[in-house]
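*Asks:* To be precise about what I am sending: the file is called final-v7.cif and holds mmCIF, C-alpha atoms; chains and numbers go by the auth columns.
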data_structure
#
loop_
_atom_site.group_PDB
_atom_site.id
_atom_site.type_symbol
_atom_site.label_atom_id
_atom_site.label_comp_id
_atom_site.label_asym_id
_atom_site.label_seq_id
_atom_site.Cartn_x
_atom_site.Cartn_y
_atom_site.Cartn_z
_atom_site.B_iso_or_equiv
_atom_site.auth_seq_id
_atom_site.auth_asym_id
ATOM 1 C CA MET A 1 129.566 162.951 97.343 0.00 1 Z
ATOM 2 C CA ALA A 2 126.019 162.551 96.039 0.00 2 Z
ATOM 3 C CA GLU A 3 125.121 159.747 93.657 0.00 3 Z
ATOM 4 C CA ARG A 4 125.330 160.783 89.999 0.00 4 Z
ATOM 5 C CA LEU A 5 121.921 161.032 88.348 0.00 5 Z
ATOM 6 C CA THR A 6 121.411 158.346 85.706 0.00 6 Z
ATOM 7 C CA ILE A 7 118.610 157.156 83.457 0.00 7 Z
ATOM 8 C CA GLU A 8 118.593 153.929 85.474 0.00 8 Z
ATOM 9 C CA LEU A 9 117.965 155.857 88.692 0.00 9 Z
ATOM 10 C CA ILE A 10 115.113 157.782 87.064 0.00 10 Z
ATOM 11 C CA ALA A 11 113.642 154.485 85.818 0.00 11 Z
ATOM 12 C CA ALA A 12 113.847 152.995 89.310 0.00 12 Z
ATOM 13 C CA GLU A 13 112.228 156.034 90.945 0.00 13 Z
ATOM 14 C CA LEU A 14 109.712 157.173 88.324 0.00 14 Z
ATOM 15 C CA GLY A 15 109.255 154.248 85.950 0.00 15 Z
ATOM 16 C CA ALA A 16 110.819 152.815 82.811 0.00 16 Z
ATOM 17 C CA ASP A 17 108.351 154.560 80.479 0.00 17 Z
ATOM 18 C CA LEU A 18 109.332 158.052 81.641 0.00 18 Z
ATOM 19 C CA ALA A 19 113.034 157.148 81.519 0.00 19 Z
ATOM 20 C CA ALA A 20 112.671 155.784 77.969 0.00 20 Z
ATOM 21 C CA ARG A 21 110.837 158.908 76.761 0.00 21 Z
ATOM 22 C CA LEU A 22 113.484 161.094 78.415 0.00 22 Z
ATOM 23 C CA SER A 23 116.219 159.066 76.685 0.00 23 Z
ATOM 24 C CA ARG A 24 114.586 159.369 73.259 0.00 24 Z
ATOM 25 C CA ALA A 25 113.932 163.090 73.647 0.00 25 Z
ATOM 26 C CA PHE A 26 117.381 164.076 74.946 0.00 26 Z
ATOM 27 C CA ALA A 27 119.768 161.330 73.776 0.00 27 Z
ATOM 28 C CA GLY A 28 123.382 162.447 73.897 0.00 28 Z
ATOM 29 C CA THR A 29 122.762 165.772 75.614 0.00 29 Z
ATOM 30 C CA ALA A 30 122.930 167.147 79.130 0.00 30 Z
ATOM 31 C CA VAL A 31 119.632 168.116 80.735 0.00 31 Z
ATOM 32 C CA TYR A 32 119.316 170.352 83.776 0.00 32 Z
ATOM 33 C CA ILE A 33 116.237 169.476 85.801 0.00 33 Z
ATOM 34 C CA PRO A 34 114.944 172.635 87.473 0.00 34 Z
ATOM 35 C CA GLU A 35 113.562 172.641 90.987 0.00 35 Z
ATOM 36 C CA ARG A 36 110.527 174.569 89.716 0.00 36 Z
ATOM 37 C CA LEU A 37 109.030 174.575 86.256 0.00 37 Z
ATOM 38 C CA PRO A 38 107.587 177.761 84.767 0.00 38 Z
ATOM 39 C CA GLU A 39 103.780 177.903 84.865 0.00 39 Z
ATOM 40 C CA ASP A 40 103.494 178.835 81.196 0.00 40 Z
ATOM 41 C CA GLY A 41 104.637 175.399 79.992 0.00 41 Z
ATOM 42 C CA SER A 42 107.610 176.860 78.132 0.00 42 Z
ATOM 43 C CA HIS A 43 110.260 174.598 79.661 0.00 43 Z
ATOM 44 C CA ILE A 44 111.581 171.951 77.290 0.00 44 Z
ATOM 45 C CA LEU A 45 110.877 169.150 79.771 0.00 45 Z
ATOM 46 C CA VAL A 46 107.189 170.134 79.822 0.00 46 Z
ATOM 47 C CA ARG A 47 107.077 170.319 76.030 0.00 47 Z
ATOM 48 C CA MET A 48 108.818 166.967 75.550 0.00 48 Z
ATOM 49 C CA LEU A 49 107.366 164.925 78.432 0.00 49 Z
ATOM 50 C CA GLY A 50 104.124 166.680 79.332 0.00 50 Z
ATOM 51 C CA ARG A 51 103.394 168.750 82.436 0.00 51 Z
ATOM 52 C CA GLY A 52 102.673 165.818 84.785 0.00 52 Z
ATOM 53 C CA ASP A 53 105.808 163.821 84.052 0.00 53 Z
ATOM 54 C CA ALA A 54 108.002 166.927 83.985 0.00 54 Z
ATOM 55 C CA GLU A 55 106.681 167.877 87.442 0.00 55 Z
ATOM 56 C CA ARG A 56 107.337 164.354 88.758 0.00 56 Z
ATOM 57 C CA LEU A 57 110.882 164.543 87.401 0.00 57 Z
ATOM 58 C CA SER A 58 111.420 168.001 88.859 0.00 58 Z
ATOM 59 C CA GLY A 59 109.988 166.991 92.233 0.00 59 Z
ATOM 60 C CA ALA A 60 112.260 163.969 92.508 0.00 60 Z
ATOM 61 C CA PHE A 61 115.457 165.299 90.918 0.00 61 Z
ATOM 62 C CA GLY A 62 115.136 169.106 90.777 0.00 62 Z
ATOM 63 C CA GLY A 63 118.451 170.945 90.763 0.00 63 Z
ATOM 64 C CA GLU A 64 120.345 168.046 89.208 0.00 64 Z
ATOM 65 C CA ARG A 65 121.949 167.535 85.825 0.00 65 Z
ATOM 66 C CA LEU A 66 121.443 164.394 83.775 0.00 66 Z
ATOM 67 C CA ASP A 67 123.844 163.385 81.017 0.00 67 Z
ATOM 68 C CA VAL A 68 121.512 161.369 78.831 0.00 68 Z
ATOM 69 C CA PRO A 69 123.274 158.460 77.122 0.00 69 Z
ATOM 70 C CA MET A 70 123.200 157.894 73.397 0.00 70 Z
ATOM 71 C CA GLY A 71 120.405 155.904 71.878 0.00 71 Z
ATOM 72 C CA ALA A 72 120.764 153.224 69.224 0.00 72 Z
ATOM 73 C CA ASN A 73 120.621 155.742 66.336 0.00 73 Z
ATOM 74 C CA ARG A 74 123.758 155.113 64.238 0.00 74 Z
ATOM 75 C CA GLY A 75 125.055 155.311 60.685 0.00 75 Z
ATOM 76 C CA ARG A 76 125.766 157.528 57.713 0.00 76 Z
ATOM 77 C CA LYS A 77 122.190 158.822 57.602 0.00 77 Z
ATOM 78 C CA ARG A 78 122.842 160.456 60.973 0.00 78 Z
ATOM 79 C CA ARG A 79 125.708 162.508 59.487 0.00 79 Z
ATOM 80 C CA GLU A 80 123.571 163.521 56.516 0.00 80 Z
ATOM 81 C CA GLN A 81 120.726 164.522 58.806 0.00 81 Z
ATOM 82 C CA ILE A 82 123.077 166.675 60.903 0.00 82 Z
ATOM 83 C CA LEU A 83 124.322 168.529 57.830 0.00 83 Z
ATOM 84 C CA LYS A 84 120.792 168.995 56.498 0.00 84 Z
ATOM 85 C CA LEU A 85 119.435 170.367 59.780 0.00 85 Z
ATOM 86 C CA ARG A 86 122.377 172.752 60.151 0.00 86 Z
ATOM 87 C CA ALA A 87 121.884 173.982 56.581 0.00 87 Z
ATOM 88 C CA GLU A 88 118.265 174.690 57.528 0.00 88 Z
ATOM 89 C CA GLY A 89 119.553 176.899 60.362 0.00 89 Z
ATOM 90 C CA MET A 90 118.941 174.637 63.364 0.00 90 Z
ATOM 91 C CA ILE A 91 121.232 175.202 66.362 0.00 91 Z
ATOM 92 C CA CYS A 92 123.642 172.459 67.421 0.00 92 Z
ATOM 93 C CA SER A 93 121.937 171.537 70.707 0.00 93 Z
ATOM 94 C CA ALA A 94 118.612 171.097 68.915 0.00 94 Z
ATOM 95 C CA ILE A 95 120.310 169.030 66.209 0.00 95 Z
ATOM 96 C CA ALA A 96 121.823 166.781 68.879 0.00 96 Z
ATOM 97 C CA ARG A 97 118.410 166.174 70.443 0.00 97 Z
ATOM 98 C CA GLU A 98 116.718 165.616 67.091 0.00 98 Z
ATOM 99 C CA VAL A 99 119.311 163.190 65.751 0.00 99 Z
ATOM 100 C CA GLY A 100 120.129 161.482 69.052 0.00 100 Z
ATOM 101 C CA VAL A 101 123.820 162.348 69.317 0.00 101 Z
ATOM 102 C CA THR A 102 125.954 164.501 71.585 0.00 102 Z
ATOM 103 C CA GLU A 103 126.484 168.179 70.855 0.00 103 Z
ATOM 104 C CA ARG A 104 130.230 167.428 70.627 0.00 104 Z
ATOM 105 C CA TYR A 105 129.487 164.915 67.859 0.00 105 Z
ATOM 106 C CA VAL A 106 127.461 167.533 65.967 0.00 106 Z
ATOM 107 C CA TYR A 107 130.349 170.010 66.196 0.00 107 Z
ATOM 108 C CA ASP A 108 132.797 167.311 65.046 0.00 108 Z
ATOM 109 C CA ILE A 109 130.657 166.433 62.007 0.00 109 Z
ATOM 110 C CA LEU A 110 130.290 170.115 61.078 0.00 110 Z
ATOM 111 C CA ALA A 111 134.042 170.729 61.442 0.00 111 Z
ATOM 112 C CA GLU A 112 134.808 167.661 59.338 0.00 112 Z
ATOM 113 C CA ALA A 113 132.406 168.829 56.606 0.00 113 Z
ATOM 114 C CA GLU A 114 133.949 172.304 56.629 0.00 114 Z
ATOM 115 C CA ALA A 115 137.473 170.867 56.358 0.00 115 Z
ATOM 116 C CA ARG A 116 136.407 168.695 53.402 0.00 116 Z
ATOM 117 C CA ALA A 117 134.830 171.692 51.696 0.00 117 Z
ATOM 118 C CA ARG A 118 138.024 173.717 52.188 0.00 118 Z
ATOM 119 C CA ALA A 119 140.187 170.872 50.847 0.00 119 Z
ATOM 120 C CA ASN A 120 138.053 170.670 47.701 0.00 120 Z
ATOM 121 C CA GLN A 121 138.053 174.447 47.145 0.00 121 Z
ATOM 122 C CA PRO A 122 140.776 175.530 44.706 0.00 122 Z
ATOM 123 C CA GLY A 123 142.972 178.381 45.840 0.00 123 Z
ATOM 124 C CA LEU A 124 142.729 181.791 44.203 0.00 124 Z
ATOM 125 C CA PHE A 125 146.079 181.364 42.457 0.00 125 Z
ATOM 126 C CA SER A 126 146.075 177.615 41.894 0.00 126 Z
ATOM 127 C CA LEU A 127 146.636 176.529 38.326 0.00 127 Z
ATOM 128 C CA ASP A 128 144.908 173.704 36.578 0.00 128 Z
ATOM 129 C CA PRO A 129 147.674 171.539 35.034 0.00 129 Z
ATOM 130 C CA GLU A 130 145.369 170.704 32.109 0.00 130 Z
ATOM 131 C CA ARG A 131 145.132 174.391 31.183 0.00 131 Z
ATOM 132 C CA LEU A 132 148.942 174.673 30.930 0.00 132 Z
ATOM 133 C CA LYS A 133 149.249 172.135 28.092 0.00 133 Z
#
Transcribe the structure of this file into structure tokens.

*Replies:*
Amino acid sequence: MAERLTIELIAAELGADLAARLSRAFAGTAVYIPERLPEDGSHILVRMLGRGDAERLSGAFGGERLDVPMGANRGRKRREQILKLRAEGMICSAIAREVGVTERYVYDILAEAEARARANQPGLFSLDPERLK
């Protein structure tokens, strides 16, 4: 079985700077590295890393998938940022990249927020005990 692609392997082959920029740009998400990049510069690797580094990455690891580990971004602000970005209409994969978390974490935060909202929403036929006095 082939060796699993890691940030450490990319750093060893292509340099720590490229690996660090890749980690910051895609923390917590899976990135497919294509064997060929489109000429128009539309691929996310080109947009995030620049054409030269994206081509180096593609040349060395094209056809492989990289699960980028989480960065050091932690805390309550992260949850608030996720909810804000989703309210602005951003898709979950983009939120994960922006905030530096996994897509699964984004879905978990959104589900938790929805459950809290439902728990705080009074039912159609619920009665306020204060109104019955």

*Asks:* Extract, using all atoms listed in the file, all DNA, RNA and protein residues at most 9 Å from stretch 59-61 of chain Z, discarding same-chain residues fewer than 2 positions from it, and format them as number ranges by chain.

*Replies:* Z: 5, 10, 13-14, 33-36, 54-57, 63-65

*Asks:* Using all atoms listed in the file, can you tell me which of Z:Val46, Z:Val101, Z:Ile109, Z:Leu37 comes closest to Z:Arg86?

*Replies:* Z:Ile109

*Asks:* Provide the atom CA of Z:Glu80 to atom CA of Z:Ile44 distance in Å, to one decimal place.

*Replies:* 25.4 Å

*Asks:* Between atom CA of Z:Ala113 and atom CA of Z:Val99, what is the distance in Å, rounded to a tenth?

*Replies:*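 Computed distance, atom CA of Z:Ala113 to atom CA of Z:Val99, equals 16.9 Å.
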
*Asks:* Evaluate the PyMOL selection byres ((chain Z and resi 31) around 9) on the structure here and hand back the selected residues as a PyMOL selection string.

*Replies:* chain Z and resi 26+29-30+32-33+45+64-68

*Asks:* Let me see the file: selected residues, C-alpha atoms, as a PDB file, in the frame of the given file.

*Replies:*
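The result, written out as result_8.pdb:
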ATOM      1  CA  PHE Z  26     117.381 164.076  74.946  1.00  0.00           C
ATOM      2  CA  THR Z  29     122.762 165.772  75.614  1.00  0.00           C
ATOM      3  CA  ALA Z  30     122.930 167.147  79.130  1.00  0.00           C
ATOM      4  CA  TYR Z  32     119.316 170.352  83.776  1.00  0.00           C
ATOM      5  CA  ILE Z  33     116.237 169.476  85.801  1.00  0.00           C
ATOM      6  CA  LEU Z  45     110.877 169.150  79.771  1.00  0.00           C
ATOM      7  CA  GLU Z  64     120.345 168.046  89.208  1.00  0.00           C
ATOM      8  CA  ARG Z  65     121.949 167.535  85.825  1.00  0.00           C
ATOM      9  CA  LEU Z  66     121.443 164.394  83.775  1.00  0.00           C
ATOM     10  CA  ASP Z  67     123.844 163.385  81.017  1.00  0.00           C
ATOM     11  CA  VAL Z  68     121.512 161.369  78.831  1.00  0.00           C
TER      12      VAL Z  68
END

*Asks:* My list of candidates is Z:Ala94, Z:Ala19, Z:Met70, Z:Leu83. Which is closest to Z:Glu114 when distances are computed with all atoms listed in the file?

*Replies:*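 The shortest atom-to-atom distance to Z:Glu114 comes from Z:Leu83.
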